[in-house]
>>> print(open('query.txt').read())   # compact mmCIF, C-alpha atoms
# COMPACT_ATOMS: atom_id res chain seq x y z
CA GLY A 1 0.00 0.00 0.00
CA ILE A 2 3.04 2.30 0.13
CA VAL A 3 2.77 3.02 -3.60
CA ASN A 4 -0.77 4.33 -3.05
CA LEU A 5 0.62 7.10 -0.84
CA VAL A 6 2.16 8.75 -3.88
CA ASN A 7 -0.17 10.46 -6.29
CA GLY A 8 1.63 12.81 -8.68
CA GLY A 9 -1.10 15.42 -8.34
CA ASN A 10 -1.25 15.35 -4.54
CA VAL A 11 2.12 14.97 -2.82
CA THR A 12 1.76 16.25 0.72
CA TYR A 13 4.55 17.01 3.17
CA GLY A 14 3.65 13.76 4.94
CA THR A 15 4.06 11.86 1.68
CA ALA A 16 7.44 13.50 1.10
CA PHE A 17 8.45 12.49 4.64
CA VAL A 18 7.41 8.84 4.04
CA ILE A 19 9.30 8.78 0.73
CA GLY A 20 12.31 10.11 2.67
CA ILE A 21 12.04 7.24 5.14
CA ILE A 22 11.83 4.72 2.29
CA ALA A 23 14.84 6.34 0.61
CA SER A 24 16.81 6.26 3.86
CA LEU A 25 16.24 2.53 4.19
CA SER A 26 17.69 1.90 0.74
CA THR A 27 20.05 4.21 -1.13
CA CYS A 28 20.60 6.87 1.53
CA MET A 29 21.86 4.34 4.03
CA ALA A 30 24.47 3.13 1.56
CA VAL A 31 25.56 6.41 0.00
CA VAL A 32 25.06 9.08 2.65
CA GLY A 33 25.79 6.64 5.48
CA GLY A 34 29.21 5.99 3.99
CA LEU A 35 29.89 9.73 3.72
CA VAL A 36 28.87 10.33 7.32
CA LEU A 37 30.93 7.42 8.65
CA SER A 38 34.01 8.48 6.72
CA MET A 39 33.72 12.09 7.83
CA SER A 40 32.92 11.15 11.43
CA ALA A 41 35.95 8.87 11.68
CA THR A 42 38.21 11.80 10.82
CA PHE A 43 36.67 13.99 13.52
CA ALA A 44 36.45 11.18 16.08
CA LYS A 45 40.25 10.86 16.04
CA GLU A 46 40.31 14.27 17.69
CA GLY A 47 37.56 13.35 20.15
CA ASP A 48 34.78 15.35 18.46
CA LYS A 49 31.92 12.93 17.81
CA LEU A 50 28.72 14.98 18.01
CA LYS A 51 29.63 18.31 16.39
CA PRO A 52 30.29 16.95 12.87
CA GLN A 53 27.00 15.03 12.95
CA LEU A 54 25.05 18.14 13.92
CA LEU A 55 26.82 20.29 11.33
CA PHE A 56 26.34 17.69 8.58
CA HIS A 57 22.63 17.20 9.20
CA GLY A 58 22.03 20.90 9.87
CA GLY A 59 23.69 21.82 6.58
CA ARG A 60 21.75 19.10 4.84
CA LEU A 61 18.35 20.20 6.18
CA VAL A 62 18.92 23.89 5.51
CA SER A 63 20.26 23.27 2.00
CA PHE A 64 17.36 20.95 1.10
CA PHE A 65 14.93 23.69 2.13
CA ILE A 66 16.74 26.51 0.33
CA LEU A 67 17.64 24.58 -2.83
CA GLY A 68 14.19 22.96 -2.94
CA GLY A 69 12.70 26.44 -2.69
CA ILE A 70 14.88 27.65 -5.54
CA ILE A 71 13.78 24.71 -7.70
CA GLY A 72 10.14 25.46 -6.82
CA ALA A 73 10.58 29.12 -7.73
CA ILE A 74 12.24 28.17 -11.03
CA GLY A 75 9.25 25.95 -11.74
CA SER A 76 6.99 28.99 -11.70
CA ALA A 77 8.91 30.42 -14.67
CA PHE A 78 8.00 27.60 -17.05
CA THR A 79 5.78 24.59 -17.36
CA LEU A 80 6.54 21.27 -18.98
CA ASN A 81 4.12 19.90 -21.54
CA THR A 82 3.05 16.26 -21.48
CA SER A 83 5.80 15.11 -23.85
CA ALA A 84 8.56 16.86 -21.90
CA THR A 85 7.26 15.45 -18.62
CA PHE A 86 7.19 11.95 -20.16
CA ILE A 87 10.76 12.26 -21.48
CA LEU A 88 12.04 13.65 -18.16
CA SER A 89 10.25 10.88 -16.22
CA LEU A 90 11.68 8.28 -18.60
CA LEU A 91 15.22 9.63 -18.10
CA ILE A 92 14.80 9.61 -14.32
CA GLY A 93 13.44 6.05 -14.53
CA LEU A 94 16.46 4.95 -16.57
CA VAL A 95 18.84 6.56 -14.07
CA MET A 96 17.04 4.78 -11.21
CA LEU A 97 17.25 1.48 -13.12
CA VAL A 98 21.00 1.88 -13.71
CA LEU A 99 21.54 2.81 -10.05
CA GLY A 100 19.51 -0.22 -8.91
CA ILE A 101 21.40 -2.61 -11.18
CA ASN A 102 24.70 -1.19 -9.92
CA LEU A 103 23.60 -1.57 -6.28
CA LEU A 104 22.82 -5.24 -6.97
CA ASP A 105 26.11 -5.64 -8.85
CA VAL A 106 24.41 -8.04 -11.28
CA PHE A 107 25.86 -6.63 -14.51
CA PRO A 108 29.27 -5.03 -13.89
CA TRP A 109 29.37 -3.53 -17.40
CA VAL A 110 26.41 -1.24 -16.48
CA LYS A 111 28.69 0.73 -14.11
CA LYS A 112 29.99 2.76 -17.05
CA PHE A 113 26.46 4.19 -17.54
CA GLN A 114 26.09 5.34 -13.93
CA PRO A 115 26.01 9.13 -13.57
CA SER A 116 28.96 10.47 -11.66
CA MET A 117 30.30 13.75 -10.48
CA PRO A 118 32.25 15.69 -13.13
CA LYS A 119 36.01 15.13 -12.74
CA PHE A 120 36.84 18.82 -12.28
CA ILE A 121 34.48 18.94 -9.28
CA ALA A 122 35.44 15.50 -7.94
CA LYS A 123 39.12 16.50 -7.89
CA HIS A 124 38.32 19.36 -5.52
CA ALA A 125 35.77 17.36 -3.52
CA HIS A 126 38.29 14.61 -2.74
CA GLY A 127 40.77 17.27 -1.61
CA VAL A 128 38.23 18.63 0.90
CA SER A 129 38.12 15.27 2.69
CA ARG A 130 41.71 15.77 3.85
CA PHE A 131 40.76 18.85 5.83
CA ASN A 132 39.47 18.52 9.34
CA HIS A 133 37.77 21.88 9.35
CA SER A 134 34.52 22.61 11.16
CA PHE A 135 32.89 23.78 7.94
CA THR A 136 33.61 20.51 6.07
CA PRO A 137 30.58 18.62 7.50
CA VAL A 138 28.31 21.49 6.44
CA LEU A 139 29.69 21.41 2.88
CA VAL A 140 29.31 17.64 2.67
CA GLY A 141 25.73 17.95 3.96
CA ILE A 142 24.94 20.54 1.29
CA ALA A 143 26.52 18.37 -1.41
CA THR A 144 24.11 15.50 -0.66
CA PHE A 145 21.41 17.48 -2.48
CA PHE A 146 23.31 16.86 -5.72
CA LEU A 147 23.98 13.12 -5.31
CA PRO A 148 22.52 11.01 -8.14
CA CYS A 149 19.74 9.41 -6.10
CA GLY A 150 16.49 8.47 -7.82
CA PHE A 151 14.38 9.29 -4.77
CA THR A 152 15.92 12.73 -4.38
CA GLN A 153 15.70 13.44 -8.09
CA SER A 154 12.05 12.39 -8.15
CA MET A 155 11.29 14.75 -5.27
CA GLN A 156 13.24 17.53 -6.99
CA LEU A 157 11.19 16.96 -10.15
CA TYR A 158 7.96 17.18 -8.16
CA THR A 159 9.26 20.31 -6.42
CA LEU A 160 9.79 21.88 -9.84
CA THR A 161 6.08 21.43 -10.52
CA THR A 162 5.02 23.29 -7.36
CA GLY A 163 5.98 26.70 -8.76
CA SER A 164 6.49 28.06 -5.26
CA PHE A 165 9.61 28.72 -3.17
CA LEU A 166 7.85 27.91 0.11
CA THR A 167 6.07 24.76 -1.11
CA GLY A 168 9.20 23.51 -2.87
CA GLY A 169 11.37 24.23 0.15
CA MET A 170 8.97 22.61 2.60
CA THR A 171 8.57 19.53 0.38
CA MET A 172 12.33 18.98 0.17
CA LEU A 173 12.70 19.71 3.90
CA ALA A 174 10.02 17.09 4.72
CA PHE A 175 11.83 14.60 2.46
CA ALA A 176 15.18 15.37 4.14
CA LEU A 177 13.60 14.99 7.59
CA GLY A 178 12.36 11.55 6.49
CA THR A 179 15.90 10.51 5.60
CA LEU A 180 17.31 11.83 8.88
CA PRO A 181 16.52 8.99 11.35
CA VAL A 182 18.45 6.28 9.49
>>> encode(input="query.txt", output="structure tokens")
Amino acid sequence: GIVNLVNGGNVTYGTAFVIGIIASLSTCMAVVGGLVLSMSATFAKEGDKLKPQLLFHGGRLVSFFILGGIIGAIGSAFTLNTSATFILSLLIGLVMLVLGINLLDVFPWVKKFQPSMPKFIAKHAHGVSRFNHSFTPVLVGIATFFLPCGFTQSMQLYTLTTGSFLTGGMTMLAFALGTLPV
């Protein structure tokens, strides 16, 4: 009955929260959990266990609200026709399929089709991990908005259709709050 919670025309904040919980039990636990553990290990060596967690999740929640609001506001500037919505949904579905196949590691050759961070950004992102600066957890939290996650991208697509900064921001915040417990 979980699928019945999602109706493209009526996504409530509660629905976004539930989708966040579902996402956290699958892809978020693997991807974001690994980021948090890696970052936390660096800070734990210096005895600081709670501060990086709070900064990471605080940066994540604030950025999901602000960036979701920006996407919602951008959505008010244009509307997608039925064909464009179909093509965009098809592309997102293909990305989710590739990510799922790669998570299962059934067909190793599919890994070359997985979206990844551009090399010029990745080069700088990997360099940031060497720093043990208080602002690093906030930056990593903000960066999770841009991870190639089908759940997040689906919510971002819906947020685009809201046409409102506040509705878009609150939808993405509810989704991020759903991913928070895991």
>>> atom_distance(input="query.txt", atom1="CA of Leu55 in chain A", atom2="CA of Gly72 in chain A")
25.2 Å
>>> atom_distance(input="query.txt", atom1="CA of Gly93 in chain A", atom2="CA of Gly150 in chain A")
7.8 Å
>>> atom_distance(input="query.txt", atom1="CA of Phe86 in chain A", atom2="CA of Tyr158 in chain A")
13.1 Å
>>> closest_residue(input="query.txt", among="A:Leu50, A:Ala73, A:Leu91, A:Leu37", to="Gly169 in chain A", atoms="only C-alpha atoms")
A:Ala73
>>> residues_around(input="query.txt", residues="Thr179 in chain A", least_positions_apart="2", cutoff="6 Å", atoms="only C-alpha atoms", output="PyMOL selection string")
chain A and resi 20-21+24+176-177+181
>>> closest_residue(input="query.txt", among="A:Val18, A:Val182, A:Leu54, A:Val140", to="Leu35 in chain A", atoms="all atoms listed in the file")
A:Val140
>>> closest_residue(input="query.txt", among="A:Cys28, A:Gly178, A:Lys111, A:His133", to="Thr42 in chain A", atoms="only C-alpha atoms")
A:His133
>>> residues_around(input="query.txt", residues="Leu160 in chain A", least_positions_apart="5", cutoff="9 Å", atoms="all atoms listed in the file", output="list of chain:residue names")
A:Gly68, A:Gly69, A:Ile70, A:Ile71, A:Gly72, A:Ala73, A:Ile74, A:Gly75, A:Ser76, A:Thr79, A:Met155, A:Gly168
>>> closest_residue(input="query.txt", among="A:Phe151, A:Phe135, A:Phe78, A:Phe165", to="Gly58 in chain A", atoms="all atoms listed in the file")
A:Phe135
>>> closest_residue(input="query.txt", among="A:Leu104, A:Ile19, A:Val31, A:Ala77", to="Leu147 in chain A", atoms="all atoms listed in the file")
A:Val31
>>> axis_aligned_box(input="query.txt", around="range 41-52 of chain A", padding_each_side="5 Å", output="AutoDock Vina command-line options")
--center_x 34.5 --center_y 13.6 --center_z 15.5 --size_x 21.6 --size_y 19.4 --size_z 19.3
>>> closest_residue(input="query.txt", among="A:Thr85, A:Val95, A:Ser134, A:Cys149", to="Ser26 in chain A", atoms="all atoms listed in the file")
A:Cys149
>>> residues_near_point(input="query.txt", point="(25.0, 21.4, 5.4)", cutoff="7 Å", atoms="all atoms listed in the file", output="list in words")
Leu55, Phe56, His57, Gly58, Gly59, Arg60, Leu61, Val62, Ser63, Pro137, Val138, Leu139, Val140, Gly141 and Ile142 of chain A
>>> decode(input="query.txt", residues="range 70-81 of chain A", atoms="all heavy atoms", output="short mmCIF file (atom, residue, chain, number, x, y, z; two decimals), in the first residue's frame")
data_model
loop_
_atom_site.label_atom_id
_atom_site.label_comp_id
_atom_site.auth_asym_id
_atom_site.auth_seq_id
_atom_site.Cartn_x
_atom_site.Cartn_y
_atom_site.Cartn_z
N ILE A 70 14.40 27.08 -4.28
CA ILE A 70 14.88 27.65 -5.54
C ILE A 70 14.32 26.86 -6.72
O ILE A 70 13.86 27.45 -7.71
CB ILE A 70 16.42 27.70 -5.56
CG1 ILE A 70 16.93 28.73 -4.56
CG2 ILE A 70 16.94 28.00 -6.97
CD1 ILE A 70 18.43 28.71 -4.32
N ILE A 71 14.33 25.54 -6.62
CA ILE A 71 13.78 24.71 -7.70
C ILE A 71 12.28 25.01 -7.87
O ILE A 71 11.78 25.12 -8.98
CB ILE A 71 14.01 23.21 -7.44
CG1 ILE A 71 15.50 22.88 -7.58
CG2 ILE A 71 13.19 22.35 -8.38
CD1 ILE A 71 15.84 21.46 -7.19
N GLY A 72 11.57 25.14 -6.75
CA GLY A 72 10.14 25.46 -6.82
C GLY A 72 9.91 26.81 -7.49
O GLY A 72 9.00 26.96 -8.32
N ALA A 73 10.72 27.79 -7.13
CA ALA A 73 10.58 29.12 -7.73
C ALA A 73 10.90 29.08 -9.22
O ALA A 73 10.23 29.74 -10.03
CB ALA A 73 11.49 30.11 -7.02
N ILE A 74 11.91 28.31 -9.60
CA ILE A 74 12.24 28.17 -11.03
C ILE A 74 11.07 27.54 -11.78
O ILE A 74 10.77 27.91 -12.91
CB ILE A 74 13.53 27.33 -11.21
CG1 ILE A 74 14.75 28.13 -10.75
CG2 ILE A 74 13.70 26.88 -12.67
CD1 ILE A 74 16.03 27.33 -10.69
N GLY A 75 10.39 26.61 -11.12
CA GLY A 75 9.25 25.95 -11.74
C GLY A 75 8.12 26.89 -12.08
O GLY A 75 7.32 26.62 -12.98
N SER A 76 8.04 28.02 -11.39
CA SER A 76 6.99 28.99 -11.70
C SER A 76 7.28 29.73 -13.00
O SER A 76 6.38 30.30 -13.61
CB SER A 76 6.83 30.00 -10.56
OG SER A 76 7.98 30.82 -10.47
N ALA A 77 8.52 29.70 -13.45
CA ALA A 77 8.91 30.42 -14.67
C ALA A 77 8.53 29.67 -15.94
O ALA A 77 8.40 30.27 -17.00
CB ALA A 77 10.41 30.70 -14.66
N PHE A 78 8.37 28.37 -15.85
CA PHE A 78 8.00 27.60 -17.05
C PHE A 78 7.22 26.36 -16.64
O PHE A 78 7.27 25.93 -15.49
CB PHE A 78 9.23 27.21 -17.87
CG PHE A 78 10.15 26.24 -17.18
CD1 PHE A 78 10.02 24.89 -17.36
CD2 PHE A 78 11.15 26.70 -16.33
CE1 PHE A 78 10.87 23.99 -16.74
CE2 PHE A 78 12.01 25.81 -15.69
CZ PHE A 78 11.86 24.46 -15.90
N THR A 79 6.50 25.83 -17.60
CA THR A 79 5.78 24.59 -17.36
C THR A 79 6.17 23.58 -18.44
O THR A 79 6.46 23.95 -19.58
CB THR A 79 4.25 24.80 -17.42
OG1 THR A 79 3.91 25.38 -18.68
CG2 THR A 79 3.78 25.70 -16.30
N LEU A 80 6.20 22.33 -18.04
CA LEU A 80 6.54 21.27 -18.98
C LEU A 80 5.26 20.72 -19.60
O LEU A 80 4.28 20.49 -18.89
CB LEU A 80 7.27 20.14 -18.26
CG LEU A 80 8.63 20.48 -17.64
CD1 LEU A 80 9.15 19.29 -16.85
CD2 LEU A 80 9.62 20.87 -18.71
N ASN A 81 5.28 20.52 -20.91
CA ASN A 81 4.12 19.90 -21.54
C ASN A 81 4.16 18.39 -21.28
O ASN A 81 5.10 17.87 -20.68
CB ASN A 81 4.06 20.23 -23.04
CG ASN A 81 5.26 19.69 -23.80
OD1 ASN A 81 5.93 18.75 -23.36
ND2 ASN A 81 5.53 20.28 -24.95
#
